[in-house]
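Pasted below: protein34.cif, mmCIF, N, CA, C and O atoms.
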```
data_coords
loop_
_atom_site.label_atom_id
_atom_site.label_comp_id
_atom_site.auth_asym_id
_atom_site.auth_seq_id
_atom_site.Cartn_x
_atom_site.Cartn_y
_atom_site.Cartn_z
N MET A 401 18.27 268.84 175.27
CA MET A 401 17.00 268.25 175.68
C MET A 401 17.29 266.98 176.48
O MET A 401 18.01 266.10 176.02
N ASP A 402 16.71 266.88 177.66
CA ASP A 402 16.75 265.64 178.42
C ASP A 402 15.72 264.68 177.82
O ASP A 402 14.57 265.07 177.59
N ILE A 403 16.11 263.45 177.58
CA ILE A 403 15.19 262.47 177.00
C ILE A 403 14.16 262.03 178.03
O ILE A 403 13.00 261.82 177.72
N VAL A 404 14.59 261.92 179.30
CA VAL A 404 13.68 261.59 180.40
C VAL A 404 14.00 262.54 181.55
O VAL A 404 15.17 262.72 181.89
N ARG A 405 12.97 263.17 182.12
CA ARG A 405 13.21 264.03 183.28
C ARG A 405 11.98 264.04 184.18
O ARG A 405 10.85 263.84 183.73
N LYS A 406 12.24 264.28 185.47
CA LYS A 406 11.17 264.32 186.45
C LYS A 406 10.52 265.70 186.42
O LYS A 406 11.21 266.71 186.52
N LEU A 407 9.20 265.73 186.30
CA LEU A 407 8.45 266.99 186.29
C LEU A 407 7.96 267.36 187.68
O LEU A 407 7.92 268.53 188.03
N GLU A 408 7.53 266.35 188.45
CA GLU A 408 7.00 266.59 189.79
C GLU A 408 7.41 265.44 190.70
O GLU A 408 7.43 264.29 190.28
N GLU A 409 7.69 265.78 191.95
CA GLU A 409 7.99 264.76 192.96
C GLU A 409 6.71 264.01 193.33
O GLU A 409 5.60 264.55 193.17
N ALA A 410 6.87 262.82 193.84
CA ALA A 410 5.73 262.05 194.32
C ALA A 410 5.11 262.76 195.52
O ALA A 410 5.82 263.35 196.33
N PRO A 411 3.79 262.72 195.64
CA PRO A 411 3.15 263.34 196.80
C PRO A 411 3.44 262.53 198.07
O PRO A 411 3.67 261.33 198.01
N ALA A 412 3.45 263.22 199.20
CA ALA A 412 3.63 262.53 200.49
C ALA A 412 2.38 261.69 200.74
O ALA A 412 1.26 262.13 200.52
N GLN A 413 2.59 260.48 201.19
CA GLN A 413 1.46 259.59 201.45
C GLN A 413 1.87 258.50 202.42
O GLN A 413 3.03 258.15 202.52
N ALA A 414 0.89 257.98 203.11
CA ALA A 414 1.13 256.87 204.03
C ALA A 414 1.26 255.58 203.22
O ALA A 414 0.64 255.44 202.17
N PRO A 415 2.07 254.63 203.69
CA PRO A 415 2.14 253.33 203.00
C PRO A 415 0.78 252.67 202.97
O PRO A 415 -0.03 252.87 203.88
N PRO A 416 0.48 251.89 201.93
CA PRO A 416 -0.83 251.24 201.88
C PRO A 416 -0.99 250.23 203.00
O PRO A 416 -0.04 249.60 203.44
N ALA A 417 -2.22 250.13 203.49
CA ALA A 417 -2.53 249.16 204.54
C ALA A 417 -2.44 247.75 203.96
O ALA A 417 -2.74 247.54 202.78
N ALA A 418 -2.03 246.81 204.78
CA ALA A 418 -1.97 245.41 204.33
C ALA A 418 -3.39 244.94 204.05
O ALA A 418 -4.32 245.23 204.78
N GLY A 419 -3.54 244.23 202.98
CA GLY A 419 -4.86 243.74 202.61
C GLY A 419 -4.75 242.32 202.08
O GLY A 419 -3.70 241.69 202.18
N PRO A 420 -5.82 241.82 201.52
CA PRO A 420 -5.80 240.47 200.98
C PRO A 420 -4.82 240.36 199.81
O PRO A 420 -4.53 241.35 199.14
N ALA A 421 -4.31 239.17 199.59
CA ALA A 421 -3.38 238.94 198.48
C ALA A 421 -4.03 239.39 197.17
O ALA A 421 -5.19 239.10 196.92
N GLY A 422 -3.27 240.09 196.36
CA GLY A 422 -3.79 240.58 195.09
C GLY A 422 -4.68 241.80 195.22
O GLY A 422 -5.32 242.20 194.28
N GLY A 423 -4.71 242.41 196.41
CA GLY A 423 -5.60 243.55 196.66
C GLY A 423 -5.05 244.89 196.23
O GLY A 423 -5.75 245.87 196.29
N ASN A 424 -3.78 244.96 195.82
CA ASN A 424 -3.22 246.23 195.39
C ASN A 424 -3.49 246.44 193.92
O ASN A 424 -3.26 245.57 193.09
N GLU A 425 -3.97 247.62 193.57
CA GLU A 425 -4.25 247.95 192.19
C GLU A 425 -3.20 248.93 191.69
O GLU A 425 -2.86 249.88 192.38
N ILE A 426 -2.68 248.69 190.49
CA ILE A 426 -1.68 249.57 189.90
C ILE A 426 -2.32 250.27 188.71
O ILE A 426 -2.85 249.61 187.82
N ARG A 427 -2.27 251.59 188.72
CA ARG A 427 -2.79 252.38 187.60
C ARG A 427 -1.67 253.29 187.10
O ARG A 427 -1.08 254.02 187.88
N ILE A 428 -1.41 253.24 185.83
CA ILE A 428 -0.42 254.10 185.19
C ILE A 428 -1.15 254.96 184.18
O ILE A 428 -1.89 254.45 183.34
N ARG A 429 -0.94 256.26 184.26
CA ARG A 429 -1.56 257.21 183.33
C ARG A 429 -0.49 257.75 182.38
O ARG A 429 0.64 257.98 182.79
N VAL A 430 -0.87 257.96 181.14
CA VAL A 430 0.04 258.48 180.13
C VAL A 430 -0.70 259.53 179.30
O VAL A 430 -1.86 259.33 178.93
N SER A 431 -0.02 260.61 179.04
CA SER A 431 -0.50 261.64 178.13
C SER A 431 0.59 261.82 177.08
O SER A 431 1.76 261.98 177.43
N ALA A 432 0.23 261.78 175.79
CA ALA A 432 1.24 261.87 174.74
C ALA A 432 0.81 262.84 173.65
O ALA A 432 -0.38 263.04 173.43
N GLU A 433 1.81 263.44 173.00
CA GLU A 433 1.54 264.36 171.91
C GLU A 433 2.61 264.21 170.83
O GLU A 433 3.75 263.86 171.12
N THR A 434 2.24 264.49 169.59
CA THR A 434 3.18 264.48 168.48
C THR A 434 3.81 265.86 168.38
O THR A 434 3.13 266.88 168.47
N LEU A 435 5.14 265.88 168.20
CA LEU A 435 5.87 267.14 168.10
C LEU A 435 6.25 267.48 166.67
O LEU A 435 6.88 268.50 166.41
N GLY A 436 5.91 266.63 165.74
CA GLY A 436 6.27 266.83 164.34
C GLY A 436 7.21 265.74 163.88
O GLY A 436 8.03 265.25 164.66
N GLY A 437 7.08 265.35 162.64
CA GLY A 437 7.88 264.23 162.15
C GLY A 437 7.55 262.99 162.95
O GLY A 437 6.40 262.67 163.20
N GLN A 438 8.59 262.29 163.39
CA GLN A 438 8.41 261.07 164.19
C GLN A 438 8.57 261.34 165.70
O GLN A 438 8.45 260.42 166.50
N LYS A 439 8.82 262.58 166.09
CA LYS A 439 9.06 262.90 167.50
C LYS A 439 7.75 262.91 168.29
O LYS A 439 6.73 263.41 167.81
N LYS A 440 7.82 262.38 169.50
CA LYS A 440 6.67 262.37 170.41
C LYS A 440 7.15 262.78 171.80
O LYS A 440 8.30 262.59 172.17
N ARG A 441 6.24 263.34 172.59
CA ARG A 441 6.50 263.69 173.99
C ARG A 441 5.40 263.06 174.81
O ARG A 441 4.22 263.13 174.46
N GLY A 442 5.78 262.40 175.90
CA GLY A 442 4.80 261.79 176.78
C GLY A 442 5.06 262.14 178.22
O GLY A 442 6.19 262.45 178.61
N GLU A 443 4.00 262.14 179.01
CA GLU A 443 4.10 262.25 180.47
C GLU A 443 3.49 261.00 181.05
O GLU A 443 2.49 260.50 180.55
N VAL A 444 4.10 260.50 182.12
CA VAL A 444 3.62 259.27 182.75
C VAL A 444 3.67 259.42 184.26
O VAL A 444 4.57 260.05 184.80
N TRP A 445 2.65 258.86 184.95
CA TRP A 445 2.57 258.92 186.40
C TRP A 445 1.64 257.81 186.88
O TRP A 445 0.87 257.26 186.11
N GLY A 446 1.73 257.50 188.13
CA GLY A 446 0.87 256.48 188.72
C GLY A 446 -0.25 257.13 189.51
O GLY A 446 -0.11 258.25 190.00
N GLU A 447 -1.39 256.44 189.60
CA GLU A 447 -2.54 256.92 190.37
C GLU A 447 -3.04 255.85 191.31
O GLU A 447 -2.83 254.66 191.09
N THR A 448 -3.75 256.28 192.33
CA THR A 448 -4.44 255.36 193.24
C THR A 448 -5.76 254.95 192.60
O THR A 448 -6.17 255.50 191.56
N ALA A 449 -6.46 254.03 193.21
CA ALA A 449 -7.74 253.58 192.70
C ALA A 449 -8.77 254.71 192.67
O ALA A 449 -9.73 254.67 191.91
N THR A 450 -8.57 255.76 193.48
CA THR A 450 -9.49 256.89 193.50
C THR A 450 -9.08 257.99 192.52
O THR A 450 -9.73 259.01 192.43
N GLY A 451 -7.96 257.81 191.82
CA GLY A 451 -7.51 258.81 190.85
C GLY A 451 -6.50 259.81 191.38
O GLY A 451 -6.07 260.69 190.65
N ALA A 452 -6.13 259.70 192.66
CA ALA A 452 -5.12 260.61 193.22
C ALA A 452 -3.73 260.19 192.73
O ALA A 452 -3.44 259.00 192.59
N ARG A 453 -2.88 261.17 192.45
CA ARG A 453 -1.53 260.85 191.99
C ARG A 453 -0.75 260.18 193.11
O ARG A 453 -0.80 260.60 194.26
N ARG A 454 0.01 259.10 192.78
CA ARG A 454 0.76 258.39 193.81
C ARG A 454 2.24 258.30 193.52
O ARG A 454 3.01 257.91 194.38
N ASN A 455 2.67 258.61 192.29
CA ASN A 455 4.08 258.53 191.93
C ASN A 455 4.54 259.88 191.38
O ASN A 455 3.74 260.74 191.05
N SER A 456 5.84 260.00 191.21
CA SER A 456 6.38 261.17 190.54
C SER A 456 5.86 261.22 189.11
O SER A 456 5.52 260.19 188.52
N ARG A 457 5.81 262.42 188.57
CA ARG A 457 5.38 262.61 187.18
C ARG A 457 6.62 262.79 186.33
O ARG A 457 7.50 263.58 186.66
N TRP A 458 6.71 262.04 185.21
CA TRP A 458 7.89 262.03 184.36
C TRP A 458 7.54 262.45 182.94
O TRP A 458 6.45 262.14 182.44
N GLU A 459 8.48 263.10 182.28
CA GLU A 459 8.37 263.47 180.88
C GLU A 459 9.37 262.64 180.09
O GLU A 459 10.51 262.47 180.52
N MET A 460 8.93 262.12 178.94
CA MET A 460 9.79 261.27 178.11
C MET A 460 9.62 261.67 176.65
O MET A 460 8.51 262.01 176.22
N PHE A 461 10.71 261.62 175.90
CA PHE A 461 10.68 261.91 174.47
C PHE A 461 11.09 260.66 173.71
O PHE A 461 11.91 259.88 174.19
N CYS A 462 10.53 260.49 172.52
CA CYS A 462 10.96 259.40 171.65
C CYS A 462 11.04 259.93 170.21
O CYS A 462 10.47 260.98 169.88
N ASP A 463 11.74 259.22 169.40
CA ASP A 463 11.93 259.56 167.99
C ASP A 463 12.25 258.26 167.27
O ASP A 463 12.49 257.23 167.89
N GLU A 464 12.25 258.29 165.99
CA GLU A 464 12.63 257.13 165.19
C GLU A 464 13.97 257.43 164.52
O GLU A 464 14.39 258.58 164.45
N GLY A 465 14.62 256.39 164.03
CA GLY A 465 15.87 256.55 163.32
C GLY A 465 15.66 257.19 161.95
O GLY A 465 14.55 257.23 161.42
N ARG A 466 16.74 257.69 161.39
CA ARG A 466 16.67 258.35 160.08
C ARG A 466 16.19 257.41 158.97
O ARG A 466 15.57 257.86 158.00
N ALA A 467 16.44 256.12 159.12
CA ALA A 467 16.06 255.15 158.08
C ALA A 467 14.54 255.11 157.85
O ALA A 467 14.10 254.72 156.78
N ILE A 468 13.76 255.50 158.87
CA ILE A 468 12.30 255.49 158.70
C ILE A 468 11.69 256.88 158.89
O ILE A 468 10.53 257.02 159.24
N GLY A 469 12.49 257.92 158.66
CA GLY A 469 11.95 259.28 158.64
C GLY A 469 12.08 260.08 159.91
O GLY A 469 11.59 261.19 159.98
N GLY A 470 12.73 259.54 160.93
CA GLY A 470 12.95 260.30 162.15
C GLY A 470 14.25 261.08 162.11
O GLY A 470 14.95 261.09 161.09
N GLU A 471 14.57 261.72 163.22
CA GLU A 471 15.82 262.47 163.33
C GLU A 471 16.81 261.83 164.29
O GLU A 471 17.88 262.37 164.53
N ASP A 472 16.43 260.70 164.89
CA ASP A 472 17.30 259.95 165.81
C ASP A 472 17.76 260.80 167.00
O ASP A 472 18.89 260.73 167.44
N THR A 473 16.82 261.60 167.55
CA THR A 473 17.15 262.47 168.68
C THR A 473 16.84 261.84 170.04
O THR A 473 17.23 262.37 171.07
N ALA A 474 16.15 260.71 170.03
CA ALA A 474 15.77 260.01 171.26
C ALA A 474 15.51 258.55 170.89
O ALA A 474 15.38 258.22 169.71
N PRO A 475 15.44 257.66 171.88
CA PRO A 475 15.15 256.25 171.57
C PRO A 475 13.78 256.11 170.90
O PRO A 475 12.86 256.90 171.15
N PRO A 476 13.62 255.09 170.07
CA PRO A 476 12.31 254.84 169.48
C PRO A 476 11.34 254.29 170.53
O PRO A 476 11.77 253.75 171.56
N PRO A 477 10.05 254.41 170.30
CA PRO A 477 9.07 253.92 171.27
C PRO A 477 9.28 252.46 171.67
O PRO A 477 9.12 252.10 172.83
N LEU A 478 9.63 251.62 170.71
CA LEU A 478 9.82 250.19 171.00
C LEU A 478 10.96 249.97 171.99
O LEU A 478 10.94 249.02 172.77
N ALA A 479 11.96 250.86 172.01
CA ALA A 479 13.06 250.75 172.98
C ALA A 479 12.53 250.96 174.40
O ALA A 479 12.93 250.24 175.32
N PHE A 480 11.65 251.93 174.60
CA PHE A 480 11.07 252.16 175.94
C PHE A 480 10.23 250.96 176.36
O PHE A 480 10.31 250.49 177.50
N PHE A 481 9.44 250.44 175.44
CA PHE A 481 8.60 249.27 175.72
C PHE A 481 9.47 248.07 176.10
O PHE A 481 9.21 247.40 177.10
N SER A 482 10.52 247.83 175.33
CA SER A 482 11.40 246.69 175.59
C SER A 482 12.12 246.84 176.92
O SER A 482 12.27 245.87 177.67
N ALA A 483 12.56 248.05 177.24
CA ALA A 483 13.24 248.27 178.53
C ALA A 483 12.26 248.02 179.67
O ALA A 483 12.63 247.43 180.69
N GLY A 484 11.01 248.44 179.51
CA GLY A 484 10.00 248.19 180.54
C GLY A 484 9.80 246.71 180.81
O GLY A 484 9.66 246.29 181.97
N ILE A 485 9.80 245.91 179.78
CA ILE A 485 9.67 244.46 179.96
C ILE A 485 10.90 243.91 180.68
O ILE A 485 10.80 243.07 181.56
N ALA A 486 12.09 244.40 180.29
CA ALA A 486 13.33 243.91 180.90
C ALA A 486 13.44 244.28 182.37
O ALA A 486 14.04 243.54 183.15
N PHE A 487 12.88 245.42 182.74
CA PHE A 487 12.97 245.86 184.15
C PHE A 487 12.12 244.96 185.02
O PHE A 487 12.29 244.79 186.15
#
```

Please rewrite the model in this file as structure tokens.
Amino acid sequence: MDIVRKLEEAPAQAPPAAGPAGGNEIRIRVSAETLGGQKKRGEVWGETATGARRNSRWEMFCDEGRAIGGEDTAPPPLAFFSAGIAF
């Protein structure tokens, strides 16, 4: 199992037109499901202000360590959150 993999390429689109400072809106969509135990599967992608997809669509898995009832098959959710802050 890949812990993170690309499901769909980003759609072709023109670069955004220059606008006023702070005029770009960032929307991130997430869909998540429980797979049993502590395992979860999520999909994440970006959208435009009109709801059109603007980024590649990604699939991600997470799990918890055995000490708290998981199977340690993927990073815990807090690891993804922490990496996002670090990036």

Set the distance at 8 Å and use only C-alpha atoms: which residues neighbour region 453-469 of chain A once local chain neighbours fewer than 6 positions away are removed? I'd like the list as a PyMOL selection string. chain A and resi 403-411+413+437-447+475-477

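Coordinates place CA of Gly470 (chain A) at a distance of 22.2 Å from CA of Val430 (chain A).
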
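Reported to one decimal place, the separation of atom N of Leu478 (chain A) from atom N of Ala449 (chain A) is 27.8 Å.
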
Could you give me the residues within region 406-466 of chain A that DSSP places in strand (DSSP E or B), as an MDAnalysis selection string? chainID A and resid 406:408 427:436 439:447 453 457:462

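One finds atom N of Glu425 (chain A) at 23.2 Å from atom C of Ser482 (chain A).
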
Could you pull out the alpha helix (DSSP H) residues of chain A, going by DSSP on the backbone, and write them as JSON, numbers by chain? {"A": [477, 478, 479, 480, 481, 482, 483, 484, 485, 486]}

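Comparing A:Glu471, A:Thr450, A:Ala479, A:Ile485 by their smallest distance to Gly436 (chain A), the closest is A:Glu471 (using all atoms listed in the file).
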
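Nearest-residue note for Arg427 (chain A): choosing from A:Ala452, A:Ala486, A:Ala474, A:Met401, the minimum distance belongs to A:Ala452, counting only C-alpha atoms.
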
4 Å per side around region 463-466 of chain A: axis-aligned box centre and edge lengths, as lines of an AutoDock Vina configuration file:
```
center_x = 14.2
center_y = 258.0
center_z = 163.7
size_x = 13.0
size_y = 11.2
size_z = 19.4
```

Where atoms are missing, can you supply all heavy atoms for region 437-448 of chain A and output the lot as an mmCIF file, in the frame of the given file?
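Just written: out_25.cif:
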```
data_model
loop_
_atom_site.group_PDB
_atom_site.id
_atom_site.type_symbol
_atom_site.label_atom_id
_atom_site.label_comp_id
_atom_site.auth_asym_id
_atom_site.auth_seq_id
_atom_site.Cartn_x
_atom_site.Cartn_y
_atom_site.Cartn_z
ATOM 1 N N GLY A 437 7.080 265.350 162.640
ATOM 2 C CA GLY A 437 7.880 264.230 162.150
ATOM 3 C C GLY A 437 7.550 262.990 162.950
ATOM 4 O O GLY A 437 6.400 262.670 163.200
ATOM 5 N N GLN A 438 8.590 262.290 163.390
ATOM 6 C CA GLN A 438 8.410 261.070 164.190
ATOM 7 C C GLN A 438 8.570 261.340 165.700
ATOM 8 O O GLN A 438 8.450 260.420 166.500
ATOM 9 C CB GLN A 438 9.434 260.016 163.759
ATOM 10 C CG GLN A 438 9.296 259.574 162.319
ATOM 11 C CD GLN A 438 8.054 258.729 162.101
ATOM 12 O OE1 GLN A 438 7.598 258.036 162.989
ATOM 13 N NE2 GLN A 438 7.499 258.781 160.908
ATOM 14 N N LYS A 439 8.820 262.580 166.090
ATOM 15 C CA LYS A 439 9.060 262.900 167.500
ATOM 16 C C LYS A 439 7.750 262.910 168.290
ATOM 17 O O LYS A 439 6.730 263.410 167.810
ATOM 18 C CB LYS A 439 9.724 264.263 167.651
ATOM 19 C CG LYS A 439 11.126 264.317 167.129
ATOM 20 C CD LYS A 439 11.709 265.706 167.345
ATOM 21 C CE LYS A 439 13.066 265.814 166.704
ATOM 22 N NZ LYS A 439 13.610 267.162 166.827
ATOM 23 N N LYS A 440 7.820 262.380 169.500
ATOM 24 C CA LYS A 440 6.670 262.370 170.410
ATOM 25 C C LYS A 440 7.150 262.780 171.800
ATOM 26 O O LYS A 440 8.300 262.590 172.170
ATOM 27 C CB LYS A 440 6.051 260.965 170.518
ATOM 28 C CG LYS A 440 5.774 260.255 169.220
ATOM 29 C CD LYS A 440 4.577 260.798 168.513
ATOM 30 C CE LYS A 440 4.182 259.985 167.298
ATOM 31 N NZ LYS A 440 5.178 259.793 166.282
ATOM 32 N N ARG A 441 6.240 263.340 172.590
ATOM 33 C CA ARG A 441 6.500 263.690 173.990
ATOM 34 C C ARG A 441 5.400 263.060 174.810
ATOM 35 O O ARG A 441 4.220 263.130 174.460
ATOM 36 C CB ARG A 441 6.450 265.200 174.175
ATOM 37 C CG ARG A 441 6.608 265.640 175.596
ATOM 38 C CD ARG A 441 6.350 267.162 175.720
ATOM 39 N NE ARG A 441 6.250 267.527 177.106
ATOM 40 C CZ ARG A 441 5.158 267.450 177.845
ATOM 41 N NH1 ARG A 441 4.027 267.005 177.328
ATOM 42 N NH2 ARG A 441 5.174 267.789 179.108
ATOM 43 N N GLY A 442 5.780 262.400 175.900
ATOM 44 C CA GLY A 442 4.800 261.790 176.780
ATOM 45 C C GLY A 442 5.060 262.140 178.220
ATOM 46 O O GLY A 442 6.190 262.450 178.610
ATOM 47 N N GLU A 443 4.000 262.140 179.010
ATOM 48 C CA GLU A 443 4.100 262.250 180.470
ATOM 49 C C GLU A 443 3.490 261.000 181.050
ATOM 50 O O GLU A 443 2.490 260.500 180.550
ATOM 51 C CB GLU A 443 3.362 263.484 180.981
ATOM 52 C CG GLU A 443 4.010 264.780 180.601
ATOM 53 C CD GLU A 443 3.312 265.983 181.215
ATOM 54 O OE1 GLU A 443 2.599 265.834 182.222
ATOM 55 O OE2 GLU A 443 3.488 267.085 180.673
ATOM 56 N N VAL A 444 4.100 260.500 182.120
ATOM 57 C CA VAL A 444 3.620 259.270 182.750
ATOM 58 C C VAL A 444 3.670 259.420 184.260
ATOM 59 O O VAL A 444 4.570 260.050 184.800
ATOM 60 C CB VAL A 444 4.451 258.041 182.267
ATOM 61 C CG1 VAL A 444 5.906 258.173 182.619
ATOM 62 C CG2 VAL A 444 3.877 256.743 182.786
ATOM 63 N N TRP A 445 2.650 258.860 184.950
ATOM 64 C CA TRP A 445 2.570 258.920 186.400
ATOM 65 C C TRP A 445 1.640 257.810 186.880
ATOM 66 O O TRP A 445 0.870 257.260 186.110
ATOM 67 C CB TRP A 445 2.092 260.291 186.889
ATOM 68 C CG TRP A 445 0.697 260.642 186.475
ATOM 69 C CD1 TRP A 445 -0.448 260.487 187.221
ATOM 70 C CD2 TRP A 445 0.269 261.201 185.228
ATOM 71 N NE1 TRP A 445 -1.543 260.910 186.504
ATOM 72 C CE2 TRP A 445 -1.126 261.360 185.282
ATOM 73 C CE3 TRP A 445 0.927 261.583 184.063
ATOM 74 C CZ2 TRP A 445 -1.862 261.875 184.226
ATOM 75 C CZ3 TRP A 445 0.188 262.099 183.009
ATOM 76 C CH2 TRP A 445 -1.187 262.233 183.099
ATOM 77 N N GLY A 446 1.730 257.500 188.130
ATOM 78 C CA GLY A 446 0.870 256.480 188.720
ATOM 79 C C GLY A 446 -0.250 257.130 189.510
ATOM 80 O O GLY A 446 -0.110 258.250 190.000
ATOM 81 N N GLU A 447 -1.390 256.440 189.600
ATOM 82 C CA GLU A 447 -2.540 256.920 190.370
ATOM 83 C C GLU A 447 -3.040 255.850 191.310
ATOM 84 O O GLU A 447 -2.830 254.660 191.090
ATOM 85 C CB GLU A 447 -3.693 257.300 189.425
ATOM 86 C CG GLU A 447 -3.459 258.528 188.610
ATOM 87 C CD GLU A 447 -4.689 258.905 187.804
ATOM 88 O OE1 GLU A 447 -5.636 258.093 187.704
ATOM 89 O OE2 GLU A 447 -4.697 260.019 187.259
ATOM 90 N N THR A 448 -3.750 256.280 192.330
ATOM 91 C CA THR A 448 -4.440 255.360 193.240
ATOM 92 C C THR A 448 -5.760 254.950 192.600
ATOM 93 O O THR A 448 -6.170 255.500 191.560
ATOM 94 C CB THR A 448 -4.728 256.033 194.598
ATOM 95 O OG1 THR A 448 -5.666 257.090 194.379
ATOM 96 C CG2 THR A 448 -3.462 256.582 195.230
#
```
